[in-house]
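Undergrad: Here you go, one structure.
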Amino acid sequence: MRGFKLDAILTHGVRTLASMGGEIITLQAGQCGNHVGKLLWSQLAKEHAIGTDGLSQLPDSSADRDDDTKPFFRENSRNRFTPRAIMLDSEPSVIADVENTFRGFFDPRNTWVASDGSSAGNSWANGYDIGTRNQDEILNKIDKEIDSTDNFEGFQLLHSVAGGTGSGLGSNLLEALCDRYPKKILTTYSVFPARSSEVVVQSYNTILALRRLIEDSDATVVFDNASLLNISGKVFRNPNIDLQHTNQLISAIISSVTNSIRFPSYMYSSIQSIYSTLIPSPELHFLSPSFTPFTSDYIHDDIAHKGHSSYDVMLDLLDPSNSLVSTGMNNPTYFNVYNTIIGNVEPSQISRAMTKIQQRLKFPSWSSSAMHVNIGRRSPYLPSQPNENEVAGMMLSNMSTVVNVFENACNTFDKVFAKGAFLNNYNVGDLFQSMQNVQDEFIESREVVQSLMEDYMAAEQDSYLNDVLLDDENMVGELEEDLDADGDHNLA
């Protein structure tokens with residue numbers, strides 16, 4: 001189990017102020033990851049007054065900026081900005097579409113497409129094998145991008161767990177990054193499938209990818225397609241919802257999570273400082289996002305929104321209909337909550353809402369029951385809103401309801417695996433050299449996911465934190481001598 005490299009871990013939610021954040025490299029794997037990335041970089045460029053060609057749109061490029069572009073963009077001497085992004089896919093069409101939309105924006109050296117004509121074909125095994133064969137080349141691109149940073153903080157991976165490339169190559173990449181950069185924070189924005197799908201092996205792909213998310217990522221923000229489609233229908237009021245709509249919702253979440261990094265104040269100015277509020281132990285690192293309302297800052301439509309007060313928005317974020325993860329659970333247990341409220345914010349309304357929310361939510365006794373709230377700054381470069389009192393909110397919750405996503409994946413997997421269906425599709429590559437290897441990998445991965453679900457259920461008990469501290473694998477010190485936060489006995 002990969003331990004989260006955060007000083008505030010296992011401290012009952014007590015968080016020390018972190019230093020300013022460093023650079024974050026975005027990895028976009030597969031069709032889903034690159035489709036989401038396309039909308040994300042459009043959003044970030046708009047918030048930082050950067051054109052789709054990478055050139056600053058500010059009238060005076062020498063003027064002091066009211067933002068921090070460095071975590072996500074490289075800037076050269078001619079005021080041209082380049083995303084710190086690496087696009088990966090087994091076939092070229094989606095990456096070509098992104099590059100054609102943003103001509104001159106992305107670094108062409110930071111794109112990788114399988115040169116041997118390989119296709120993952122919706123198979124995790126094929127995607128993983130492609131990643132294995134080309135791992136040195138991909139890591140070389142990542143190393144070169146890291147060379148352009150001054151204070152590299154970590155990675156964020158955009159991908160789906162249900163297909164071939166984002167799931168399989170993404171899993172291979174997670175393992176490689178965990179091994180190569182063990183002290184850098186590795187977060188993912190992971191899209192999980194709906195129960196019904198045209199991809200018959202999606203449950204296999206999901207279980208195999210989920211094992212790597214459990215073992216190799218530090219934090220995973222979960223999206224499920226069922227909720228994405230439901231909320232898209234409500235937000236866009238369009239019967240013909242497509243990926244363009246759902247990916248706008250995901251990009252709004254990522255933009256809001258990183259708002260305090262890109263428009264920094266004295267708190268939550270790094271990935272570390274955000275996730276240390278949310279993750280009480282290494283196992284419990286799966287986070288459920290909520291958002292409301294999706295204003296014109298984040299989506300492209302002509303829908304007018306009435307003004308929402310900070311108080312209303314914070315309470316509305318508790319409504320399951322605003323969650324990007326299907327709940328299906330009454331009175332869930334919350335372990336930690338982090339909100340970002342952006343717009344015309346009245347601090348007294350925030351305080352009033354926090355008091356109300358703490359009365360409504362169920363926290364275990366080991367949790368601090370604290371609401372962590374970032375009063376974010378709306379980009380000064382965005383167009384004026386029709387309603388000057390507009391407020392938008394994003395909530396990340398570490399809560400027991402995320403188990404529903406894992407249970408759905410396991411139930412579908414169990415039905416298909418019990419029949420031995422489609423296993424021949426996975427008997428390929430270096431990882432699966434025999435049918436016995438295939439079956440063993442599936443059984444082990446299913447056990448890892450089951451253990452995660454049991455951990456979340458155990459966390460609802462008052463004794464959870466004591467049990468974690470007594471677990472040898474999760475000890476933060478030794479009986480005979482102290483360890484530092486990195487566990488390397490270097491106390492200097």
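In the structure tokens, chains take letters A, B, ... by order of appearance, with residues numbered from 1 within each chain and ligands from 1 in the order shown.
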Hey, what's within 10 Å of A:Glu447 if we count only C-alpha atoms and toss same-chain stuff fewer than 6 positions away? As number ranges by chain, please?
TA: A: 207, 211, 441, 453
Undergrad: Might you pull out every residue within 9 Å of stretch 235-241 of chain A, with only C-alpha atoms counted and same-chain residues fewer than 4 positions away left off, and present them as a PDB file with C-alpha atoms, in the first residue's frame?
TA:
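So the final result, stored in out00.pdb, reads:
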ATOM      1  CA  LEU A 229     -25.098  11.781 -17.561  1.00  0.00           C
ATOM      2  CA  ASN A 230     -27.824  12.629 -15.027  1.00  0.00           C
ATOM      3  CA  ILE A 231     -26.271  15.946 -14.052  1.00  0.00           C
ATOM      4  CA  HIS A 245     -21.165  17.884 -22.008  1.00  0.00           C
ATOM      5  CA  THR A 246     -19.924  15.404 -19.409  1.00  0.00           C
ATOM      6  CA  PRO A 293     -24.285  25.597  -9.857  1.00  0.00           C
ATOM      7  CA  PHE A 294     -22.522  25.140 -13.187  1.00  0.00           C
ATOM      8  CA  ILE A 299     -20.106  25.560 -19.199  1.00  0.00           C
ATOM      9  CA  HIS A 300     -21.007  26.940 -22.590  1.00  0.00           C
ATOM     10  CA  ASP A 301     -24.728  27.578 -22.716  1.00  0.00           C
ATOM     11  CA  ILE A 303     -28.957  29.293 -19.367  1.00  0.00           C
TER      12      ILE A 303
END
Undergrad: For A:Asn424, list every protein, DNA or RNA residue within 12 Å, evaluated using only C-alpha atoms, and leave out those in the same chain fewer than 2 positions away; present the list as a list of chain:residue names.
TA: A:Ser123, A:Ala125, A:Asn126, A:Val201, A:Phe417, A:Gly420, A:Ala421, A:Phe422, A:Tyr426, A:Asn427, A:Val428, A:Phe432, A:Gln433, A:Ser434, A:Met435, A:Gln436, A:Asn437, A:Val438, A:Gln439
Undergrad: Give me, as a PyMOL selection string, all polymer residues having an atom no more than 10 Å from A:Glu407, counting only C-alpha atoms and skipping those fewer than 5 positions away in the same chain.
TA: chain A and resi 402+412-413+449-450+453
Undergrad: Using the chain letters and numbers from this document, which residues of stretch 120-337 of chain A does DSSP assign to helix (DSSP H, G or I), as a compact mmCIF listing (two decimals) with N, CA, C and O atoms, in the first residue's frame?
TA:
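Output contents, as saved in part.txt:
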# COMPACT_ATOMS: atom_id res chain seq x y z
N TRP A 124 -7.77 -4.06 -21.14
CA TRP A 124 -6.77 -3.61 -20.17
C TRP A 124 -5.43 -4.30 -20.44
O TRP A 124 -4.37 -3.66 -20.35
N ALA A 125 -5.45 -5.58 -20.74
CA ALA A 125 -4.22 -6.33 -20.96
C ALA A 125 -3.44 -5.78 -22.13
O ALA A 125 -2.21 -5.64 -22.07
N ASN A 126 -4.13 -5.46 -23.24
CA ASN A 126 -3.43 -4.88 -24.39
C ASN A 126 -2.85 -3.51 -24.04
O ASN A 126 -1.72 -3.20 -24.41
N GLY A 127 -3.63 -2.69 -23.34
CA GLY A 127 -3.14 -1.37 -22.95
C GLY A 127 -1.95 -1.46 -22.02
O GLY A 127 -0.97 -0.71 -22.16
N TYR A 128 -2.02 -2.38 -21.06
CA TYR A 128 -0.90 -2.56 -20.12
C TYR A 128 0.35 -3.01 -20.87
O TYR A 128 1.46 -2.54 -20.59
N ASP A 129 0.18 -3.93 -21.82
CA ASP A 129 1.32 -4.44 -22.57
C ASP A 129 1.93 -3.35 -23.44
O ASP A 129 3.16 -3.28 -23.58
N ILE A 130 1.10 -2.50 -24.03
CA ILE A 130 1.62 -1.36 -24.80
C ILE A 130 2.45 -0.46 -23.90
O ILE A 130 3.53 0.02 -24.27
N GLY A 131 1.96 -0.22 -22.70
CA GLY A 131 2.71 0.59 -21.75
C GLY A 131 4.04 -0.04 -21.37
O GLY A 131 5.05 0.65 -21.25
N THR A 132 4.04 -1.36 -21.18
CA THR A 132 5.28 -2.06 -20.82
C THR A 132 6.32 -1.94 -21.93
O THR A 132 7.49 -1.64 -21.68
N ARG A 133 5.88 -2.17 -23.17
CA ARG A 133 6.82 -2.15 -24.30
C ARG A 133 7.40 -0.75 -24.51
O ARG A 133 8.53 -0.61 -24.99
N GLN A 135 7.53 1.79 -22.12
CA GLN A 135 7.67 2.50 -20.85
C GLN A 135 8.88 3.43 -20.83
O GLN A 135 8.78 4.57 -20.35
N ASP A 136 10.00 2.99 -21.34
CA ASP A 136 11.20 3.83 -21.32
C ASP A 136 10.98 5.12 -22.11
O ASP A 136 11.40 6.21 -21.67
N GLU A 137 10.36 5.01 -23.26
CA GLU A 137 10.11 6.19 -24.09
C GLU A 137 9.17 7.16 -23.40
O GLU A 137 9.38 8.38 -23.40
N ILE A 138 8.11 6.63 -22.78
CA ILE A 138 7.14 7.50 -22.10
C ILE A 138 7.78 8.16 -20.88
O ILE A 138 7.62 9.37 -20.65
N LEU A 139 8.52 7.39 -20.09
CA LEU A 139 9.17 7.97 -18.91
C LEU A 139 10.23 9.00 -19.30
O LEU A 139 10.46 9.97 -18.56
N ASN A 140 10.86 8.82 -20.44
CA ASN A 140 11.83 9.80 -20.91
C ASN A 140 11.16 11.14 -21.18
O ASN A 140 11.71 12.21 -20.87
N LYS A 141 9.96 11.11 -21.75
CA LYS A 141 9.21 12.36 -21.98
C LYS A 141 8.86 13.01 -20.64
O LYS A 141 8.94 14.25 -20.50
N ILE A 142 8.47 12.20 -19.69
CA ILE A 142 8.12 12.74 -18.37
C ILE A 142 9.35 13.34 -17.69
O ILE A 142 9.29 14.43 -17.11
N ASP A 143 10.47 12.66 -17.78
CA ASP A 143 11.71 13.17 -17.18
C ASP A 143 12.08 14.52 -17.77
O ASP A 143 12.50 15.44 -17.05
N LYS A 144 11.95 14.66 -19.08
CA LYS A 144 12.29 15.92 -19.73
C LYS A 144 11.35 17.04 -19.29
O LYS A 144 11.78 18.19 -19.13
N GLU A 145 10.09 16.72 -19.07
CA GLU A 145 9.16 17.74 -18.60
C GLU A 145 9.48 18.14 -17.17
O GLU A 145 9.40 19.31 -16.80
N ILE A 146 9.87 17.18 -16.36
CA ILE A 146 10.27 17.49 -14.98
C ILE A 146 11.50 18.39 -14.97
O ILE A 146 11.65 19.26 -14.10
N THR A 165 -6.79 1.74 -23.20
CA THR A 165 -5.57 2.53 -23.03
C THR A 165 -5.56 3.27 -21.70
O THR A 165 -4.61 3.16 -20.91
N GLY A 166 -6.59 4.06 -21.40
CA GLY A 166 -6.62 4.80 -20.14
C GLY A 166 -6.58 3.88 -18.94
O GLY A 166 -5.97 4.19 -17.91
N SER A 167 -7.17 2.71 -19.09
CA SER A 167 -7.20 1.73 -17.99
C SER A 167 -5.91 0.94 -17.91
O SER A 167 -5.25 0.89 -16.87
N GLY A 168 -5.50 0.30 -19.02
CA GLY A 168 -4.34 -0.57 -19.01
C GLY A 168 -3.02 0.18 -19.04
O GLY A 168 -2.16 -0.01 -18.17
N LEU A 169 -2.83 1.05 -20.05
CA LEU A 169 -1.61 1.84 -20.09
C LEU A 169 -1.55 2.76 -18.88
O LEU A 169 -0.48 2.98 -18.31
N GLY A 170 -2.71 3.29 -18.46
CA GLY A 170 -2.76 4.13 -17.26
C GLY A 170 -2.30 3.37 -16.03
O GLY A 170 -1.59 3.91 -15.18
N SER A 171 -2.68 2.09 -15.91
CA SER A 171 -2.25 1.27 -14.78
C SER A 171 -0.74 1.05 -14.81
O SER A 171 -0.07 1.14 -13.77
N ASN A 172 -0.23 0.76 -15.99
CA ASN A 172 1.21 0.57 -16.13
C ASN A 172 1.96 1.83 -15.75
O ASN A 172 3.00 1.79 -15.09
N LEU A 173 1.41 2.97 -16.15
CA LEU A 173 2.03 4.25 -15.84
C LEU A 173 2.00 4.53 -14.34
O LEU A 173 2.98 5.03 -13.77
N LEU A 174 0.89 4.22 -13.68
CA LEU A 174 0.80 4.40 -12.23
C LEU A 174 1.88 3.60 -11.51
O LEU A 174 2.55 4.11 -10.60
N GLU A 175 2.05 2.35 -11.90
CA GLU A 175 3.07 1.53 -11.27
C GLU A 175 4.47 2.11 -11.49
O GLU A 175 5.29 2.16 -10.56
N ALA A 176 4.73 2.55 -12.71
CA ALA A 176 6.05 3.08 -13.03
C ALA A 176 6.33 4.38 -12.28
O ALA A 176 7.43 4.58 -11.77
N LEU A 177 5.34 5.26 -12.21
CA LEU A 177 5.53 6.54 -11.52
C LEU A 177 5.70 6.33 -10.03
O LEU A 177 6.50 7.02 -9.38
N CYS A 178 4.94 5.41 -9.47
CA CYS A 178 5.05 5.12 -8.03
C CYS A 178 6.45 4.62 -7.70
O CYS A 178 7.03 4.99 -6.67
N ASP A 179 7.01 3.81 -8.59
CA ASP A 179 8.36 3.26 -8.37
C ASP A 179 9.44 4.31 -8.63
O ASP A 179 10.43 4.39 -7.89
N ARG A 180 9.26 5.13 -9.66
CA ARG A 180 10.31 6.07 -10.09
C ARG A 180 10.32 7.36 -9.28
O ARG A 180 11.37 7.95 -9.04
N GLN A 202 -15.75 -4.40 -19.70
CA GLN A 202 -15.44 -3.22 -18.88
C GLN A 202 -15.27 -3.59 -17.40
O GLN A 202 -14.47 -2.97 -16.70
N SER A 203 -15.99 -4.58 -16.92
CA SER A 203 -15.86 -4.95 -15.51
C SER A 203 -14.48 -5.55 -15.23
O SER A 203 -13.90 -5.32 -14.16
N TYR A 204 -13.94 -6.33 -16.17
CA TYR A 204 -12.58 -6.83 -16.02
C TYR A 204 -11.58 -5.67 -15.97
O TYR A 204 -10.70 -5.62 -15.11
N ASN A 205 -11.71 -4.75 -16.94
CA ASN A 205 -10.79 -3.61 -17.00
C ASN A 205 -10.86 -2.78 -15.72
O ASN A 205 -9.84 -2.32 -15.20
N THR A 206 -12.07 -2.60 -15.22
CA THR A 206 -12.26 -1.76 -14.03
C THR A 206 -11.60 -2.37 -12.80
O THR A 206 -10.91 -1.67 -12.05
N ILE A 207 -11.78 -3.67 -12.60
CA ILE A 207 -11.19 -4.32 -11.42
C ILE A 207 -9.67 -4.27 -11.48
O ILE A 207 -9.00 -4.00 -10.48
N LEU A 208 -9.10 -4.51 -12.65
CA LEU A 208 -7.64 -4.50 -12.78
C LEU A 208 -7.08 -3.09 -12.58
O LEU A 208 -6.05 -2.91 -11.92
N ALA A 209 -7.76 -2.09 -13.13
CA ALA A 209 -7.30 -0.71 -12.95
C ALA A 209 -7.51 -0.24 -11.52
O ALA A 209 -6.67 0.48 -10.95
N LEU A 210 -8.62 -0.65 -10.92
CA LEU A 210 -8.92 -0.23 -9.55
C LEU A 210 -7.86 -0.74 -8.58
O LEU A 210 -7.48 -0.04 -7.63
N ARG A 211 -7.35 -1.93 -8.82
CA ARG A 211 -6.27 -2.43 -7.96
C ARG A 211 -5.08 -1.47 -7.99
O ARG A 211 -4.48 -1.18 -6.95
N ARG A 212 -4.71 -0.97 -9.17
CA ARG A 212 -3.57 -0.05 -9.27
C ARG A 212 -3.88 1.30 -8.63
O ARG A 212 -3.00 1.93 -8.05
N LEU A 213 -5.11 1.75 -8.73
CA LEU A 213 -5.49 2.98 -8.05
C LEU A 213 -5.38 2.82 -6.54
O LEU A 213 -4.99 3.75 -5.82
N ILE A 214 -5.75 1.65 -6.04
CA ILE A 214 -5.66 1.39 -4.60
C ILE A 214 -4.21 1.36 -4.14
O ILE A 214 -3.85 1.95 -3.12
N GLU A 215 -3.36 0.68 -4.90
CA GLU A 215 -1.99 0.43 -4.46
C GLU A 215 -1.01 1.54 -4.82
O GLU A 215 0.00 1.72 -4.12
N ASP A 216 -1.28 2.29 -5.89
CA ASP A 216 -0.24 3.18 -6.41
C ASP A 216 -0.60 4.66 -6.43
O ASP A 216 0.30 5.49 -6.60
N ASN A 225 -20.13 7.44 -14.64
CA ASN A 225 -20.82 7.90 -15.85
C ASN A 225 -22.31 8.10 -15.63
O ASN A 225 -22.92 8.98 -16.25
N ALA A 226 -22.90 7.31 -14.76
CA ALA A 226 -24.33 7.47 -14.52
C ALA A 226 -24.64 8.85 -13.96
O ALA A 226 -25.56 9.54 -14.42
N SER A 227 -23.86 9.28 -12.97
CA SER A 227 -24.07 10.61 -12.39
C SER A 227 -23.72 11.71 -13.38
O SER A 227 -24.40 12.74 -13.46
N LEU A 228 -22.65 11.51 -14.14
CA LEU A 228 -22.26 12.50 -15.14
C LEU A 228 -23.39 12.74 -16.14
O LEU A 228 -23.71 13.88 -16.50
N LEU A 229 -24.01 11.65 -16.59
CA LEU A 229 -25.10 11.78 -17.56
C LEU A 229 -26.32 12.43 -16.92
O LEU A 229 -26.97 13.29 -17.54
N ASN A 230 -26.66 12.04 -15.70
CA ASN A 230 -27.82 12.63 -15.03
C ASN A 230 -27.65 14.12 -14.82
O ASN A 230 -28.57 14.91 -15.09
N ILE A 231 -26.49 14.53 -14.31
CA ILE A 231 -26.27 15.95 -14.05
C ILE A 231 -26.16 16.73 -15.35
O ILE A 231 -26.65 17.87 -15.45
N SER A 232 -25.56 16.14 -16.38
CA SER A 232 -25.48 16.82 -17.67
C SER A 232 -26.86 17.10 -18.23
O SER A 232 -27.12 18.18 -18.77
N GLY A 233 -27.78 16.13 -18.10
CA GLY A 233 -29.13 16.35 -18.58
C GLY A 233 -29.81 17.49 -17.84
O GLY A 233 -30.56 18.28 -18.43
N LYS A 234 -29.53 17.60 -16.53
CA LYS A 234 -30.13 18.66 -15.72
C LYS A 234 -29.51 20.02 -16.03
O LYS A 234 -30.21 21.04 -16.13
N VAL A 235 -28.19 20.04 -16.20
CA VAL A 235 -27.48 21.31 -16.39
C VAL A 235 -27.70 21.87 -17.78
O VAL A 235 -28.01 23.06 -17.96
N PHE A 236 -27.56 21.03 -18.81
CA PHE A 236 -27.61 21.51 -20.18
C PHE A 236 -29.02 21.50 -20.76
O PHE A 236 -29.26 22.11 -21.80
N LEU A 243 -20.22 13.38 -24.86
CA LEU A 243 -18.99 13.51 -24.08
C LEU A 243 -18.58 14.96 -23.88
O LEU A 243 -17.97 15.30 -22.87
N GLN A 244 -18.90 15.80 -24.83
CA GLN A 244 -18.56 17.22 -24.70
C GLN A 244 -19.23 17.81 -23.46
O GLN A 244 -18.62 18.62 -22.74
N HIS A 245 -20.44 17.38 -23.18
CA HIS A 245 -21.17 17.88 -22.01
C HIS A 245 -20.57 17.32 -20.72
O HIS A 245 -20.27 18.07 -19.78
N THR A 246 -20.41 16.01 -20.65
CA THR A 246 -19.92 15.40 -19.41
C THR A 246 -18.50 15.84 -19.09
O THR A 246 -18.14 16.04 -17.92
N ASN A 247 -17.68 16.03 -20.13
CA ASN A 247 -16.30 16.43 -19.88
C ASN A 247 -16.20 17.87 -19.39
O ASN A 247 -15.24 18.23 -18.70
N GLN A 248 -17.17 18.70 -19.73
CA GLN A 248 -17.21 20.05 -19.16
C GLN A 248 -17.41 20.00 -17.66
O GLN A 248 -16.83 20.79 -16.92
N LEU A 249 -18.23 19.06 -17.19
CA LEU A 249 -18.45 18.93 -15.75
C LEU A 249 -17.18 18.49 -15.05
O LEU A 249 -16.83 19.01 -13.98
N ILE A 250 -16.47 17.53 -15.64
CA ILE A 250 -15.22 17.06 -15.03
C ILE A 250 -14.19 18.19 -15.00
O ILE A 250 -13.50 18.38 -13.99
N SER A 251 -14.08 18.94 -16.08
CA SER A 251 -13.10 20.03 -16.12
C SER A 251 -13.43 21.10 -15.09
O SER A 251 -12.53 21.73 -14.52
N ALA A 252 -14.72 21.31 -14.82
CA ALA A 252 -15.11 22.29 -13.80
C ALA A 252 -14.64 21.84 -12.42
O ALA A 252 -14.18 22.65 -11.61
N ILE A 253 -14.74 20.54 -12.14
CA ILE A 253 -14.27 20.01 -10.86
C ILE A 253 -12.76 20.21 -10.73
O ILE A 253 -12.27 20.72 -9.71
N ILE A 254 -12.00 19.83 -11.74
CA ILE A 254 -10.54 19.93 -11.66
C ILE A 254 -10.12 21.39 -11.54
O ILE A 254 -9.22 21.73 -10.76
N SER A 255 -10.77 22.27 -12.29
CA SER A 255 -10.47 23.69 -12.20
C SER A 255 -10.70 24.20 -10.79
O SER A 255 -9.89 24.96 -10.24
N SER A 256 -11.79 23.78 -10.16
CA SER A 256 -12.12 24.25 -8.82
C SER A 256 -11.19 23.67 -7.77
O SER A 256 -10.82 24.35 -6.82
N VAL A 257 -10.82 22.39 -7.92
CA VAL A 257 -9.88 21.79 -6.97
C VAL A 257 -8.58 22.58 -6.97
O VAL A 257 -7.96 22.80 -5.92
N ASN A 259 -8.12 25.75 -7.88
CA ASN A 259 -8.30 27.20 -7.84
C ASN A 259 -7.34 27.87 -6.86
O ASN A 259 -6.71 28.89 -7.17
N SER A 260 -7.22 27.29 -5.66
CA SER A 260 -6.40 27.92 -4.63
C SER A 260 -4.91 27.79 -4.92
O SER A 260 -4.09 28.47 -4.30
N ILE A 261 -4.54 26.91 -5.86
CA ILE A 261 -3.15 26.79 -6.29
C ILE A 261 -2.85 27.84 -7.35
O ILE A 261 -1.78 28.47 -7.34
N ARG A 262 -3.80 28.06 -8.23
CA ARG A 262 -3.59 28.98 -9.35
C ARG A 262 -3.88 30.44 -8.98
O ARG A 262 -3.38 31.36 -9.61
N ILE A 271 -1.08 21.07 -3.72
CA ILE A 271 -1.83 19.81 -3.72
C ILE A 271 -1.73 19.14 -2.36
O ILE A 271 -2.70 18.58 -1.84
N GLN A 272 -0.55 19.19 -1.76
CA GLN A 272 -0.36 18.56 -0.45
C GLN A 272 -1.30 19.14 0.59
O GLN A 272 -1.92 18.41 1.37
N SER A 273 -1.42 20.46 0.62
CA SER A 273 -2.24 21.09 1.66
C SER A 273 -3.73 20.80 1.47
O SER A 273 -4.49 20.78 2.43
N ILE A 274 -4.15 20.55 0.23
CA ILE A 274 -5.56 20.21 -0.03
C ILE A 274 -5.86 18.78 0.41
O ILE A 274 -6.79 18.52 1.18
N TYR A 275 -5.05 17.84 -0.06
CA TYR A 275 -5.37 16.44 0.20
C TYR A 275 -5.06 16.02 1.63
O TYR A 275 -5.60 15.02 2.11
N SER A 310 -23.65 32.16 -0.65
CA SER A 310 -22.68 31.16 -0.19
C SER A 310 -23.36 30.12 0.70
O SER A 310 -23.05 28.92 0.62
N TYR A 311 -24.27 30.57 1.53
CA TYR A 311 -24.99 29.67 2.43
C TYR A 311 -25.78 28.63 1.62
O TYR A 311 -25.71 27.43 1.91
N ASP A 312 -26.51 29.10 0.63
CA ASP A 312 -27.31 28.18 -0.20
C ASP A 312 -26.44 27.18 -0.93
O ASP A 312 -26.76 25.98 -0.99
N VAL A 313 -25.34 27.66 -1.50
CA VAL A 313 -24.48 26.79 -2.29
C VAL A 313 -23.88 25.69 -1.41
O VAL A 313 -23.87 24.51 -1.79
N MET A 314 -23.40 26.04 -0.23
CA MET A 314 -22.79 25.03 0.64
C MET A 314 -23.79 23.97 1.06
O MET A 314 -23.46 22.78 1.12
N LEU A 315 -25.01 24.35 1.32
CA LEU A 315 -26.03 23.36 1.68
C LEU A 315 -26.44 22.53 0.47
O LEU A 315 -26.68 21.32 0.57
N ASP A 316 -26.53 23.18 -0.70
CA ASP A 316 -26.90 22.45 -1.92
C ASP A 316 -25.86 21.40 -2.30
O ASP A 316 -26.19 20.40 -2.94
N PRO A 320 -27.62 14.87 -2.92
CA PRO A 320 -27.06 13.80 -3.77
C PRO A 320 -27.18 14.08 -5.26
O PRO A 320 -26.38 13.57 -6.04
N SER A 321 -28.18 14.89 -5.65
CA SER A 321 -28.35 15.17 -7.07
C SER A 321 -27.23 16.03 -7.63
O SER A 321 -27.09 16.15 -8.85
N ASN A 322 -26.42 16.63 -6.76
CA ASN A 322 -25.29 17.44 -7.22
C ASN A 322 -23.96 16.70 -7.11
O ASN A 322 -22.90 17.29 -7.33
Undergrad: Among stretch 224-455 of chain A, which ones does DSSP place in strand (DSSP E), written as a short mmCIF file (atom, residue, chain, number, x, y, z; two decimals) with C-alpha atoms, in the first residue's frame?
TA:
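After the write, out16.cif holds the following:
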data_model
loop_
_atom_site.label_atom_id
_atom_site.label_comp_id
_atom_site.auth_asym_id
_atom_site.auth_seq_id
_atom_site.Cartn_x
_atom_site.Cartn_y
_atom_site.Cartn_z
CA ASP A 224 -19.18 7.69 -12.46
CA PHE A 286 -11.01 7.82 -2.87
CA LEU A 287 -12.88 11.13 -3.00
CA SER A 288 -16.39 12.01 -4.18
CA PRO A 289 -16.90 15.39 -5.91
CA SER A 290 -20.01 17.58 -5.93
CA PHE A 291 -20.60 20.86 -7.73
CA THR A 292 -23.30 23.51 -7.98
CA TYR A 334 -18.21 11.42 6.24
CA PHE A 335 -14.55 11.21 7.20
CA ASN A 336 -13.41 14.60 5.88
CA VAL A 337 -14.88 17.37 3.72
CA TYR A 338 -13.21 20.11 1.67
CA ASN A 339 -15.14 22.91 -0.06
CA THR A 340 -14.12 25.62 -2.47
CA ILE A 341 -16.59 28.49 -2.76
CA ILE A 342 -15.93 30.94 -5.60
CA GLY A 343 -17.66 34.22 -6.33
CA MET A 371 -15.29 21.51 7.49
CA HIS A 372 -12.32 22.72 5.45
CA VAL A 373 -13.40 25.65 3.30
CA ASN A 374 -11.37 27.55 0.77
CA ILE A 375 -12.85 30.91 -0.20
CA GLY A 376 -11.59 30.85 -3.74
CA VAL A 391 -21.53 31.96 -6.36
CA ALA A 392 -20.38 28.46 -7.35
CA GLY A 393 -19.22 25.70 -5.04
CA MET A 394 -17.25 22.46 -5.23
CA MET A 395 -17.07 19.84 -2.51
CA LEU A 396 -14.68 16.90 -2.19
CA SER A 397 -15.86 14.36 0.34
CA ASN A 398 -14.11 11.36 1.77
CA MET A 399 -17.17 9.32 2.61
#
Undergrad: Suppose you want the space between atom CA of A:Pro264 and atom CA of A:Phe223; what is it in Å?
TA: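 Distance between the two atoms: 26.2 Å.
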Undergrad: So what do you get for atom CA of A:Met267 versus atom CA of A:Pro383, distance-wise?
TA: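 So the answer is 26.3 Å.
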Undergrad: Within 7 Å of A:Asn110, counting only C-alpha atoms, which residues show up once you throw out same-chain ones fewer than 6 positions away? Write them as an mmCIF file with N, CA, C and O atoms, in the first residue's frame, please.
TA:
data_model
loop_
_atom_site.group_PDB
_atom_site.id
_atom_site.type_symbol
_atom_site.label_atom_id
_atom_site.label_comp_id
_atom_site.auth_asym_id
_atom_site.auth_seq_id
_atom_site.Cartn_x
_atom_site.Cartn_y
_atom_site.Cartn_z
ATOM 1 N N ALA A 85 1.695 19.277 -19.810
ATOM 2 C CA ALA A 85 0.811 18.145 -20.093
ATOM 3 C C ALA A 85 1.503 17.184 -21.045
ATOM 4 O O ALA A 85 2.244 17.591 -21.945
ATOM 5 N N ILE A 86 1.240 15.905 -20.837
ATOM 6 C CA ILE A 86 1.722 14.856 -21.725
ATOM 7 C C ILE A 86 0.522 14.031 -22.162
ATOM 8 O O ILE A 86 -0.220 13.504 -21.321
ATOM 9 N N MET A 87 0.313 13.963 -23.479
ATOM 10 C CA MET A 87 -0.845 13.264 -24.041
ATOM 11 C C MET A 87 -0.404 11.902 -24.563
ATOM 12 O O MET A 87 0.536 11.796 -25.358
ATOM 13 N N LYS A 141 9.964 11.115 -21.749
ATOM 14 C CA LYS A 141 9.209 12.357 -21.977
ATOM 15 C C LYS A 141 8.857 13.010 -20.636
ATOM 16 O O LYS A 141 8.935 14.245 -20.498
#
Undergrad: Which residues, written as a list in words, have at least one atom at most 9 Å from stretch 63-80 of chain A, with only C-alpha atoms counted and residues fewer than 4 positions away on the same chain left out?
TA: Gly21, Gly22, Glu23, Ile24, Ile25, Thr26, Leu44, His48, Ile50, Asp53, Gly54, Leu55, Ser56, Leu58, Pro59, Arg84, Ala85, Phe105, Ser148, Thr149, Phe152, Glu153, Ile261, Arg262, Phe263, Pro264, Ser379 and Pro380 of chain A
Undergrad: If you measure from atom CA of A:His35 to atom CA of A:Val98, what distance in Å do you get, rounded to one decimal?
TA: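 Taking atom CA of A:His35 as the start and atom CA of A:Val98 as the end point, the length is 7.9 Å.
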Undergrad: Which residue gives the smallest distance to A:Ala120 among A:Arg103, A:Glu91, A:Pro83, A:Arg446, with only C-alpha atoms counted?
TA: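 Residue with the minimum atom-to-atom distance to A:Ala120: A:Glu91.
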